[in-house]
Structure formats: C-alpha cells, structure tokens
>>> print(open('my_file28.cif').read())   # mmCIF, C-alpha atoms and all ligand atoms
data_my_file
loop_
_atom_site.group_PDB
_atom_site.id
_atom_site.type_symbol
_atom_site.label_atom_id
_atom_site.label_comp_id
_atom_site.auth_asym_id
_atom_site.auth_seq_id
_atom_site.Cartn_x
_atom_site.Cartn_y
_atom_site.Cartn_z
ATOM 1 C CA MET X 1 0.000 0.000 0.000
ATOM 2 C CA GLU X 2 1.195 3.508 -0.782
ATOM 3 C CA ILE X 3 1.842 5.700 2.270
ATOM 4 C CA ALA X 4 -1.076 7.978 1.283
ATOM 5 C CA GLU X 5 -3.470 4.996 1.393
ATOM 6 C CA VAL X 6 -1.999 3.876 4.721
ATOM 7 C CA ILE X 7 -2.592 7.351 6.172
ATOM 8 C CA ARG X 8 -6.119 7.571 4.761
ATOM 9 C CA THR X 9 -7.158 4.395 6.601
ATOM 10 C CA HIS X 10 -6.877 6.588 9.736
ATOM 11 C CA TYR X 11 -7.452 10.051 8.257
ATOM 12 C CA PRO X 12 -9.556 9.751 5.063
ATOM 13 C CA ASN X 13 -9.366 13.488 4.291
ATOM 14 C CA ALA X 14 -5.625 13.975 4.825
ATOM 15 C CA LYS X 15 -3.656 15.811 2.150
ATOM 16 C CA THR X 16 0.083 16.400 1.831
ATOM 17 C CA GLY X 17 1.522 19.370 3.701
ATOM 18 C CA SER X 18 2.609 20.995 0.453
ATOM 19 C CA GLU X 19 -0.854 20.517 -1.087
ATOM 20 C CA ILE X 20 -2.458 22.194 1.939
ATOM 21 C CA THR X 21 0.087 25.012 1.856
ATOM 22 C CA GLU X 22 -0.392 25.728 -1.845
ATOM 23 C CA THR X 23 -4.190 25.414 -1.708
ATOM 24 C CA TYR X 24 -4.656 27.789 1.204
ATOM 25 C CA LEU X 25 -2.085 30.366 0.157
ATOM 26 C CA ASP X 26 -3.900 30.503 -3.200
ATOM 27 C CA ILE X 27 -7.264 30.901 -1.448
ATOM 28 C CA LEU X 28 -5.882 33.712 0.733
ATOM 29 C CA ALA X 29 -4.408 35.534 -2.258
ATOM 30 C CA ASP X 30 -7.204 34.942 -4.811
ATOM 31 C CA GLU X 31 -10.452 34.783 -2.824
ATOM 32 C CA TYR X 32 -9.555 37.002 0.118
ATOM 33 C CA LYS X 33 -7.155 39.327 -1.736
ATOM 34 C CA ALA X 34 -4.697 39.015 1.160
ATOM 35 C CA LYS X 35 -1.203 40.378 0.532
ATOM 36 C CA LEU X 36 1.062 37.410 1.331
ATOM 37 C CA SER X 37 4.146 39.682 1.407
ATOM 38 C CA LYS X 38 2.618 41.476 4.407
ATOM 39 C CA MET X 39 1.142 38.387 6.081
ATOM 40 C CA LEU X 40 2.502 37.723 9.560
ATOM 41 C CA PHE X 41 2.509 34.044 10.343
ATOM 42 C CA ALA X 42 2.204 32.278 13.684
ATOM 43 C CA THR X 43 2.245 28.616 14.599
ATOM 44 C CA SER X 44 0.999 26.632 17.548
ATOM 45 C CA VAL X 45 2.534 23.239 16.886
ATOM 46 C CA CYS X 46 4.732 20.883 18.915
ATOM 47 C CA SER X 47 8.421 21.755 19.362
ATOM 48 C CA ASP X 48 9.422 18.424 17.755
ATOM 49 C CA ASP X 49 12.047 18.952 15.006
ATOM 50 C CA ILE X 50 9.962 16.733 12.700
ATOM 51 C CA ASN X 51 7.368 19.502 12.301
ATOM 52 C CA VAL X 52 9.628 21.926 10.463
ATOM 53 C CA SER X 53 8.867 20.438 7.047
ATOM 54 C CA THR X 54 5.084 20.526 7.353
ATOM 55 C CA ASP X 55 4.259 24.176 7.732
ATOM 56 C CA PHE X 56 4.196 27.370 5.716
ATOM 57 C CA ARG X 57 7.688 28.510 6.636
ATOM 58 C CA ARG X 58 8.994 28.064 3.121
ATOM 59 C CA VAL X 59 6.545 30.721 1.929
ATOM 60 C CA LEU X 60 5.773 32.858 4.971
ATOM 61 C CA LYS X 61 8.955 33.726 6.828
ATOM 62 C CA ARG X 62 9.752 34.381 10.501
ATOM 63 C CA PRO X 63 6.821 32.686 12.235
ATOM 64 C CA PHE X 64 5.827 33.681 15.745
ATOM 65 C CA SER X 65 5.984 30.397 17.703
ATOM 66 C CA LYS X 66 3.165 30.000 20.208
ATOM 67 C CA GLY X 67 3.465 26.258 20.647
ATOM 68 C CA GLY X 68 5.423 23.839 22.767
ATOM 69 C CA LEU X 69 5.076 20.161 23.729
ATOM 70 C CA GLY X 70 1.934 18.723 22.159
ATOM 71 C CA GLY X 71 1.182 22.004 20.346
ATOM 72 C CA LEU X 72 -0.739 23.893 23.052
ATOM 73 C CA PRO X 73 -0.338 27.692 22.710
ATOM 74 C CA TYR X 74 1.812 28.090 25.847
ATOM 75 C CA THR X 75 2.686 31.721 25.115
ATOM 76 C CA GLY X 76 -0.913 32.481 26.120
ATOM 77 C CA TYR X 77 -2.504 35.922 26.078
ATOM 78 C CA THR X 78 0.865 37.695 26.294
ATOM 79 C CA GLY X 79 2.058 35.848 23.187
ATOM 80 C CA MET X 80 -1.131 36.533 21.238
ATOM 81 C CA SER X 81 -1.038 40.199 22.266
ATOM 82 C CA ALA X 82 2.588 40.530 21.124
ATOM 83 C CA PHE X 83 1.863 38.767 17.816
ATOM 84 C CA SER X 84 -1.175 41.008 17.222
ATOM 85 C CA GLN X 85 0.975 44.115 17.546
ATOM 86 C CA HIS X 86 3.774 42.834 15.263
ATOM 87 C CA ILE X 87 1.626 42.666 12.116
ATOM 88 C CA PRO X 88 2.970 44.930 9.349
ATOM 89 C CA ASP X 89 0.942 48.039 8.495
ATOM 90 C CA GLY X 90 -1.591 47.050 5.845
ATOM 91 C CA GLY X 91 -0.924 43.375 6.551
ATOM 92 C CA GLU X 92 -2.851 40.465 7.980
ATOM 93 C CA ALA X 93 -2.355 37.453 10.217
ATOM 94 C CA LEU X 94 -2.337 33.696 9.628
ATOM 95 C CA ILE X 95 -2.190 31.176 12.463
ATOM 96 C CA PHE X 96 -1.516 27.513 11.742
ATOM 97 C CA TYR X 97 -2.118 25.192 14.673
ATOM 98 C CA GLY X 98 -2.655 21.603 15.706
ATOM 99 C CA PRO X 99 -1.122 18.493 17.230
ATOM 100 C CA HIS X 100 0.967 15.962 15.334
ATOM 101 C CA VAL X 101 1.084 12.182 15.185
ATOM 102 C CA GLY X 102 3.625 9.884 13.588
ATOM 103 C CA ILE X 103 2.776 6.890 11.438
ATOM 104 C CA THR X 104 5.025 3.942 10.625
ATOM 105 C CA ASP X 105 5.450 2.631 7.105
ATOM 106 C CA GLU X 106 3.115 -0.222 8.155
ATOM 107 C CA GLY X 107 0.376 2.171 9.304
ATOM 108 C CA GLU X 108 0.806 2.136 13.086
ATOM 109 C CA LEU X 109 -0.063 5.486 14.662
ATOM 110 C CA GLY X 110 1.985 7.186 17.395
ATOM 111 C CA LYS X 111 5.494 6.405 16.181
ATOM 112 C CA LEU X 112 7.742 6.809 13.181
ATOM 113 C CA ARG X 113 11.248 6.227 11.843
ATOM 114 C CA ARG X 114 13.113 9.511 12.306
ATOM 115 C CA ILE X 115 15.809 10.937 10.035
ATOM 116 C CA GLY X 116 19.069 9.031 10.529
ATOM 117 C CA GLN X 117 17.472 6.273 12.652
ATOM 118 C CA LYS X 118 16.524 2.686 11.892
ATOM 119 C CA ARG X 119 14.142 2.179 14.825
ATOM 120 C CA ASN X 120 10.702 3.699 15.398
ATOM 121 C CA THR X 121 10.285 6.230 18.213
ATOM 122 C CA SER X 122 7.117 7.779 19.642
ATOM 123 C CA CYS X 123 5.519 10.777 17.932
ATOM 124 C CA CYS X 124 4.061 12.966 19.350
ATOM 125 C CA GLY X 125 6.409 11.944 22.159
ATOM 126 C CA ALA X 126 4.764 14.318 24.642
ATOM 127 C CA LEU X 127 1.217 13.100 23.917
ATOM 128 C CA MET X 128 2.380 9.469 24.000
ATOM 129 C CA ALA X 129 3.903 10.189 27.437
ATOM 130 C CA VAL X 130 0.515 11.519 28.587
ATOM 131 C CA LEU X 131 -1.124 8.327 27.315
ATOM 132 C CA ALA X 132 1.480 6.163 29.073
ATOM 133 C CA GLU X 133 0.800 8.061 32.297
ATOM 134 C CA PHE X 134 -2.955 7.495 31.924
ATOM 135 C CA GLN X 135 -2.459 3.802 31.116
ATOM 136 C CA ALA X 136 -0.327 3.479 34.259
ATOM 137 C CA GLY X 137 -3.570 3.819 36.181
ATOM 138 C CA ALA X 138 -3.731 7.217 37.872
ATOM 139 C CA GLU X 139 -7.203 8.484 38.735
ATOM 140 C CA ALA X 140 -8.887 10.877 36.324
ATOM 141 C CA GLY X 141 -8.339 14.494 37.326
ATOM 142 C CA THR X 142 -5.613 13.682 39.826
ATOM 143 C CA VAL X 143 -2.692 13.083 37.490
ATOM 144 C CA LEU X 144 0.018 15.513 38.541
ATOM 145 C CA PRO X 145 3.761 15.128 38.199
ATOM 146 C CA PRO X 146 5.934 15.428 41.308
ATOM 147 C CA ALA X 147 6.790 18.880 42.638
ATOM 148 C CA GLU X 148 10.291 18.858 41.164
ATOM 149 C CA ASN X 149 8.648 19.159 37.751
ATOM 150 C CA GLU X 150 9.217 22.884 38.055
ATOM 151 C CA TYR X 151 11.548 21.894 35.191
ATOM 152 C CA ASP X 152 8.779 20.269 33.143
ATOM 153 C CA GLN X 153 6.058 22.897 33.107
ATOM 154 C CA GLN X 154 4.631 22.119 29.670
ATOM 155 C CA MET X 155 4.202 18.461 30.609
ATOM 156 C CA VAL X 156 2.431 19.531 33.805
ATOM 157 C CA LEU X 157 -0.059 21.535 31.757
ATOM 158 C CA LEU X 158 -0.520 18.727 29.217
ATOM 159 C CA LEU X 159 -1.382 16.222 31.933
ATOM 160 C CA ARG X 160 -3.806 18.654 33.585
ATOM 161 C CA THR X 161 -5.434 19.501 30.255
ATOM 162 C CA PHE X 162 -6.176 15.908 29.263
ATOM 163 C CA ALA X 163 -6.967 14.447 32.696
ATOM 164 C CA PRO X 164 -10.721 15.171 32.293
ATOM 165 C CA HIS X 165 -10.688 13.172 29.015
ATOM 166 C CA ARG X 166 -8.767 10.224 30.438
ATOM 167 C CA GLU X 167 -11.612 7.667 30.608
ATOM 168 C CA ARG X 168 -12.924 8.486 27.150
ATOM 169 C CA ILE X 169 -9.440 8.254 25.634
ATOM 170 C CA LEU X 170 -8.552 4.958 27.332
ATOM 171 C CA SER X 171 -11.857 3.287 26.426
ATOM 172 C CA SER X 172 -11.813 4.331 22.764
ATOM 173 C CA ASP X 173 -10.939 1.888 19.959
ATOM 174 C CA ASN X 174 -7.757 3.817 19.218
ATOM 175 C CA PRO X 175 -6.507 5.771 22.266
ATOM 176 C CA ILE X 176 -3.645 7.342 20.299
ATOM 177 C CA LYS X 177 -6.048 8.769 17.736
ATOM 178 C CA ALA X 178 -8.510 9.778 20.467
ATOM 179 C CA LEU X 179 -5.822 11.667 22.406
ATOM 180 C CA THR X 180 -4.574 13.355 19.235
ATOM 181 C CA ASP X 181 -8.159 14.433 18.427
ATOM 182 C CA ALA X 182 -8.590 15.716 21.994
ATOM 183 C CA ALA X 183 -5.342 17.671 21.569
ATOM 184 C CA TYR X 184 -6.675 19.228 18.365
ATOM 185 C CA ASP X 185 -9.877 20.297 20.143
ATOM 186 C CA GLU X 186 -7.931 21.812 23.070
ATOM 187 C CA ILE X 187 -5.540 23.742 20.823
ATOM 188 C CA HIS X 188 -8.410 24.956 18.605
ATOM 189 C CA THR X 189 -10.463 26.141 21.589
ATOM 190 C CA ARG X 190 -7.493 27.927 23.144
ATOM 191 C CA ILE X 191 -6.490 29.676 19.897
ATOM 192 C CA LEU X 192 -10.062 30.971 19.432
ATOM 193 C CA LYS X 193 -10.156 32.165 23.046
ATOM 194 C CA LEU X 194 -6.763 33.895 22.765
ATOM 195 C CA VAL X 195 -7.643 35.652 19.489
ATOM 196 C CA ASP X 196 -10.826 36.880 21.171
ATOM 197 C CA MET X 197 -8.915 38.108 24.234
ATOM 198 C CA ALA X 198 -6.517 40.126 22.019
ATOM 199 C CA ARG X 199 -9.215 41.124 19.499
ATOM 200 C CA GLY X 200 -8.849 44.900 19.970
ATOM 201 C CA GLU X 201 -5.054 44.842 19.738
ATOM 202 C CA PHE X 202 -4.495 43.453 16.240
ATOM 203 C CA ASN X 203 -2.785 45.811 13.809
ATOM 204 C CA CYS X 204 -5.000 44.408 11.033
ATOM 205 C CA GLY X 205 -8.642 43.686 10.241
ATOM 206 C CA ARG X 206 -8.584 39.923 9.692
ATOM 207 C CA VAL X 207 -6.971 36.883 11.241
ATOM 208 C CA PHE X 208 -6.929 33.703 9.171
ATOM 209 C CA LEU X 209 -6.962 30.449 11.120
ATOM 210 C CA LEU X 210 -5.911 27.101 9.743
ATOM 211 C CA GLY X 211 -6.032 24.125 12.077
ATOM 212 C CA GLY X 212 -5.485 20.427 11.617
ATOM 213 C CA VAL X 213 -3.683 17.287 12.655
ATOM 214 C CA ILE X 214 -0.170 16.940 11.218
ATOM 215 C CA ILE X 215 0.671 13.361 10.269
ATOM 216 C CA ASN X 216 4.427 12.757 10.206
ATOM 217 C CA THR X 217 5.885 9.978 8.076
ATOM 218 C CA SER X 218 9.272 8.315 7.727
ATOM 219 C CA GLN X 219 12.062 10.036 5.828
ATOM 220 C CA GLY X 220 11.401 9.932 2.096
ATOM 221 C CA TYR X 221 7.627 10.329 2.351
ATOM 222 C CA ASN X 222 5.507 13.478 2.445
ATOM 223 C CA ASP X 223 4.045 14.624 5.705
ATOM 224 C CA PHE X 224 0.255 15.004 5.624
ATOM 225 C CA VAL X 225 -2.293 17.276 7.268
ATOM 226 C CA ASP X 226 -5.862 16.359 8.200
ATOM 227 C CA LEU X 227 -7.328 19.844 7.958
ATOM 228 C CA ARG X 228 -10.095 20.526 10.490
ATOM 229 C CA ASN X 229 -10.666 24.277 10.368
ATOM 230 C CA PHE X 230 -10.300 27.256 8.050
ATOM 231 C CA ASP X 231 -11.730 30.397 9.505
ATOM 232 C CA VAL X 232 -11.547 34.166 9.075
ATOM 233 C CA ILE X 233 -11.993 36.296 12.172
ATOM 234 C CA GLU X 234 -12.638 40.031 12.026
ATOM 235 C CA VAL X 235 -10.440 41.884 14.541
ATOM 236 C CA GLY X 236 -8.880 45.274 15.166
HETATM 237 ZN ZN ZN A 301 5.276 16.324 19.678
#
>>> encode(input="my_file28.cif", output="structure tokens")
Amino acid sequence: MEIAEVIRTHYPNAKTGSEITETYLDILADEYKAKLSKMLFATSVCSDDINVSTDFRRVLKRPFSKGGLGGLPYTGYTGMSAFSQHIPDGGEALIFYGPHVGITDEGELGKLRRIGQKRNTSCCGALMAVLAEFQAGAEAGTVLPPAENEYDQQMVLLLRTFAPHRERILSSDNPIKALTDAAYDEIHTRILKLVDMARGEFNCGRVFLLGGVIINTSQGYNDFVDLRNFDVIEVG
C-alpha cells in the first residue's frame, strides 16, 4: 500500500503538507485578496524537530511560535497580544495550529522512523507520554507530576489539560487517535479564546486560522495534514 493509502485508513481526508500550503495560500491571495508579502505568520505546533517540514515557513517567513510540547499555545494571552501588535501596516495574520502524530510505514499510529534512525520512536512523544501516564492507572483528574517538575512545566499543563478526558481516551478503539483528536480540540479552543482576548489589539482587520492534525511519516515520504478548520476572524 502507498503511504497515502496507509494514512487515509486513519485520516480519510488527509492531504500532503505541500498541497495544503499551496491550496490555502492561493485561497488567501485569490479569494480574500490578502497580501502574502505582508502576512505575519504564527504557529501553535509541537516543538518536535519533525514539524519543520510541514508548515508554511517556506513561503511565509519568521513565524511567531506559540506552541510547545503537544502544540498547546503556551505563550498564552501575552504571546497573542505581542503577535497582534507585530503585524505589518496594511498586513494580515495567519495562524496555523494543531497536534501531530507519527505513522510507521506499516500504518501504526503514534510512532515513526526519524531521520538518521533505523528504529521507530514515539511521535508525538509528549502526547504518547501523557497516554502512558494514563495507562499506568492514575485516577482521572488527579494526574500531577511530582513537585520537582518545576523543570517540566509544559508536561504539567498537558497532563492537567487531558486528565478530564482520560476515561474516554482509554476506552476508545484507538486511544492514540482519540488523544490526538482531543489535543486538536484543546488547541483549537485555546487559539479561538486567545484571538478573542486580544481582538482589539491586532494591527489588522482579519486573522486567518488554519487548524489540523499533522501526520508525520518516515524520511522519504511526504508529511500530511488532516485539515479541520479554516476560519476568518474580524479583529482590530
Ligand atoms: Zn510532539
């Protein structure tokens, strides 16, 4: 089976990252008459090095990075406020966000063969660590790392965020997919909330949102995106 078919057994609507990039940049330029040269770009995706190839960075330079482990927008209101004020005069804003999940050449979700490695490792490593913690049997809503995790703040927030969804995730047919979907919903909700909180501060009239699940593949294959949201929000 081709990798695209393997991916579509889990994500029937997934398209390659480059296809998504080209499609939506065309839509922004042609339908919305957005000036791409003045578009300020932000991401809320996981820190994982594997994500670099999947986004719009080849076209839209110098992204404002809101994300961290698992893709939550950790920079919060302060980050959204700063981003809103950095938009060029006469420009607009595009935010690309979502979690990511690896897939092996055989179609197993949650891991992949990374560049320069022969073995498979977990991906998204942070979300798979959350799942491992849940599977270890802690009670829902009480999963908290030890106090010394002052040095692991993003993981603390990830565990807190998904604790209410623990039972649903563990009892689903595919907990990896269920957790990844829950991560998408959390990131999406938080991005909408943050844009709303900074609504009056944007140095532009429109914010374009593009959200989805990034599906990372082994070296040599395209990465894919299962697009879940394209939205235009009036701000300023
Ligand atoms: Zn990750």
>>> closest_residue(input="my_file28.cif", among="X:Lys33, X:Gly107, X:Cys204, X:Tyr11", to="X:Asp89", atoms="all atoms listed in the file")
X:Cys204
>>> residues_around(input="my_file28.cif", residues="X:Ile20", least_positions_apart="4", cutoff="12 Å", atoms="all atoms listed in the file", output="VMD selection string")
chain X and resid 13 to 16 24 to 27 54 to 56 96 210 to 214 222 to 230
>>> closest_residue(input="my_file28.cif", among="X:Gln153, X:Asn216, X:Asn203, X:Ser171", to="X:Lys38", atoms="only C-alpha atoms")
X:Asn203
>>> closest_atom_pairs(input="my_file28.cif", of="stretch 169-201 of chain X", to="stretch 119-126 of chain X", cutoff="12 Å", atoms="all atoms listed in the file", output="JSON lines")
{"residue": "X:Ile176", "atom": "CA", "partner": "X:Cys124", "partner_atom": "CA", "distance": 9.6}
{"residue": "X:Lys177", "atom": "CA", "partner": "X:Cys124", "partner_atom": "CA", "distance": 11.1}
{"residue": "X:Leu179", "atom": "CA", "partner": "X:Cys124", "partner_atom": "CA", "distance": 10.4}
{"residue": "X:Thr180", "atom": "CA", "partner": "X:Cys124", "partner_atom": "CA", "distance": 8.6}
{"residue": "X:Ala183", "atom": "CA", "partner": "X:Cys124", "partner_atom": "CA", "distance": 10.7}
>>> closest_residue(input="my_file28.cif", among="X:Leu194, X:Leu158, X:Ala82, X:Leu40", to="ligand ZN 301 (chain A)", atoms="all atoms listed in the file")
X:Leu158
>>> decode(input="my_file28.cif", residues="stretch 23-79 of chain X", atoms="C-alpha atoms", output="PDB file, in the first residue's frame")
ATOM      1  CA  THR X  23      -4.190  25.414  -1.708  1.00  0.00           C
ATOM      2  CA  TYR X  24      -4.656  27.789   1.204  1.00  0.00           C
ATOM      3  CA  LEU X  25      -2.085  30.366   0.157  1.00  0.00           C
ATOM      4  CA  ASP X  26      -3.900  30.503  -3.200  1.00  0.00           C
ATOM      5  CA  ILE X  27      -7.264  30.901  -1.448  1.00  0.00           C
ATOM      6  CA  LEU X  28      -5.882  33.712   0.733  1.00  0.00           C
ATOM      7  CA  ALA X  29      -4.408  35.534  -2.258  1.00  0.00           C
ATOM      8  CA  ASP X  30      -7.204  34.942  -4.811  1.00  0.00           C
ATOM      9  CA  GLU X  31     -10.452  34.783  -2.824  1.00  0.00           C
ATOM     10  CA  TYR X  32      -9.555  37.002   0.118  1.00  0.00           C
ATOM     11  CA  LYS X  33      -7.155  39.327  -1.736  1.00  0.00           C
ATOM     12  CA  ALA X  34      -4.697  39.015   1.160  1.00  0.00           C
ATOM     13  CA  LYS X  35      -1.203  40.378   0.532  1.00  0.00           C
ATOM     14  CA  LEU X  36       1.062  37.410   1.331  1.00  0.00           C
ATOM     15  CA  SER X  37       4.146  39.682   1.407  1.00  0.00           C
ATOM     16  CA  LYS X  38       2.618  41.476   4.407  1.00  0.00           C
ATOM     17  CA  MET X  39       1.142  38.387   6.081  1.00  0.00           C
ATOM     18  CA  LEU X  40       2.502  37.723   9.560  1.00  0.00           C
ATOM     19  CA  PHE X  41       2.509  34.044  10.343  1.00  0.00           C
ATOM     20  CA  ALA X  42       2.204  32.278  13.684  1.00  0.00           C
ATOM     21  CA  THR X  43       2.245  28.616  14.599  1.00  0.00           C
ATOM     22  CA  SER X  44       0.999  26.632  17.548  1.00  0.00           C
ATOM     23  CA  VAL X  45       2.534  23.239  16.886  1.00  0.00           C
ATOM     24  CA  CYS X  46       4.732  20.883  18.915  1.00  0.00           C
ATOM     25  CA  SER X  47       8.421  21.755  19.362  1.00  0.00           C
ATOM     26  CA  ASP X  48       9.422  18.424  17.755  1.00  0.00           C
ATOM     27  CA  ASP X  49      12.047  18.952  15.006  1.00  0.00           C
ATOM     28  CA  ILE X  50       9.962  16.733  12.700  1.00  0.00           C
ATOM     29  CA  ASN X  51       7.368  19.502  12.301  1.00  0.00           C
ATOM     30  CA  VAL X  52       9.628  21.926  10.463  1.00  0.00           C
ATOM     31  CA  SER X  53       8.867  20.438   7.047  1.00  0.00           C
ATOM     32  CA  THR X  54       5.084  20.526   7.353  1.00  0.00           C
ATOM     33  CA  ASP X  55       4.259  24.176   7.732  1.00  0.00           C
ATOM     34  CA  PHE X  56       4.196  27.370   5.716  1.00  0.00           C
ATOM     35  CA  ARG X  57       7.688  28.510   6.636  1.00  0.00           C
ATOM     36  CA  ARG X  58       8.994  28.064   3.121  1.00  0.00           C
ATOM     37  CA  VAL X  59       6.545  30.721   1.929  1.00  0.00           C
ATOM     38  CA  LEU X  60       5.773  32.858   4.971  1.00  0.00           C
ATOM     39  CA  LYS X  61       8.955  33.726   6.828  1.00  0.00           C
ATOM     40  CA  ARG X  62       9.752  34.381  10.501  1.00  0.00           C
ATOM     41  CA  PRO X  63       6.821  32.686  12.235  1.00  0.00           C
ATOM     42  CA  PHE X  64       5.827  33.681  15.745  1.00  0.00           C
ATOM     43  CA  SER X  65       5.984  30.397  17.703  1.00  0.00           C
ATOM     44  CA  LYS X  66       3.165  30.000  20.208  1.00  0.00           C
ATOM     45  CA  GLY X  67       3.465  26.258  20.647  1.00  0.00           C
ATOM     46  CA  GLY X  68       5.423  23.839  22.767  1.00  0.00           C
ATOM     47  CA  LEU X  69       5.076  20.161  23.729  1.00  0.00           C
ATOM     48  CA  GLY X  70       1.934  18.723  22.159  1.00  0.00           C
ATOM     49  CA  GLY X  71       1.182  22.004  20.346  1.00  0.00           C
ATOM     50  CA  LEU X  72      -0.739  23.893  23.052  1.00  0.00           C
ATOM     51  CA  PRO X  73      -0.338  27.692  22.710  1.00  0.00           C
ATOM     52  CA  TYR X  74       1.812  28.090  25.847  1.00  0.00           C
ATOM     53  CA  THR X  75       2.686  31.721  25.115  1.00  0.00           C
ATOM     54  CA  GLY X  76      -0.913  32.481  26.120  1.00  0.00           C
ATOM     55  CA  TYR X  77      -2.504  35.922  26.078  1.00  0.00           C
ATOM     56  CA  THR X  78       0.865  37.695  26.294  1.00  0.00           C
ATOM     57  CA  GLY X  79       2.058  35.848  23.187  1.00  0.00           C
TER      58      GLY X  79
END
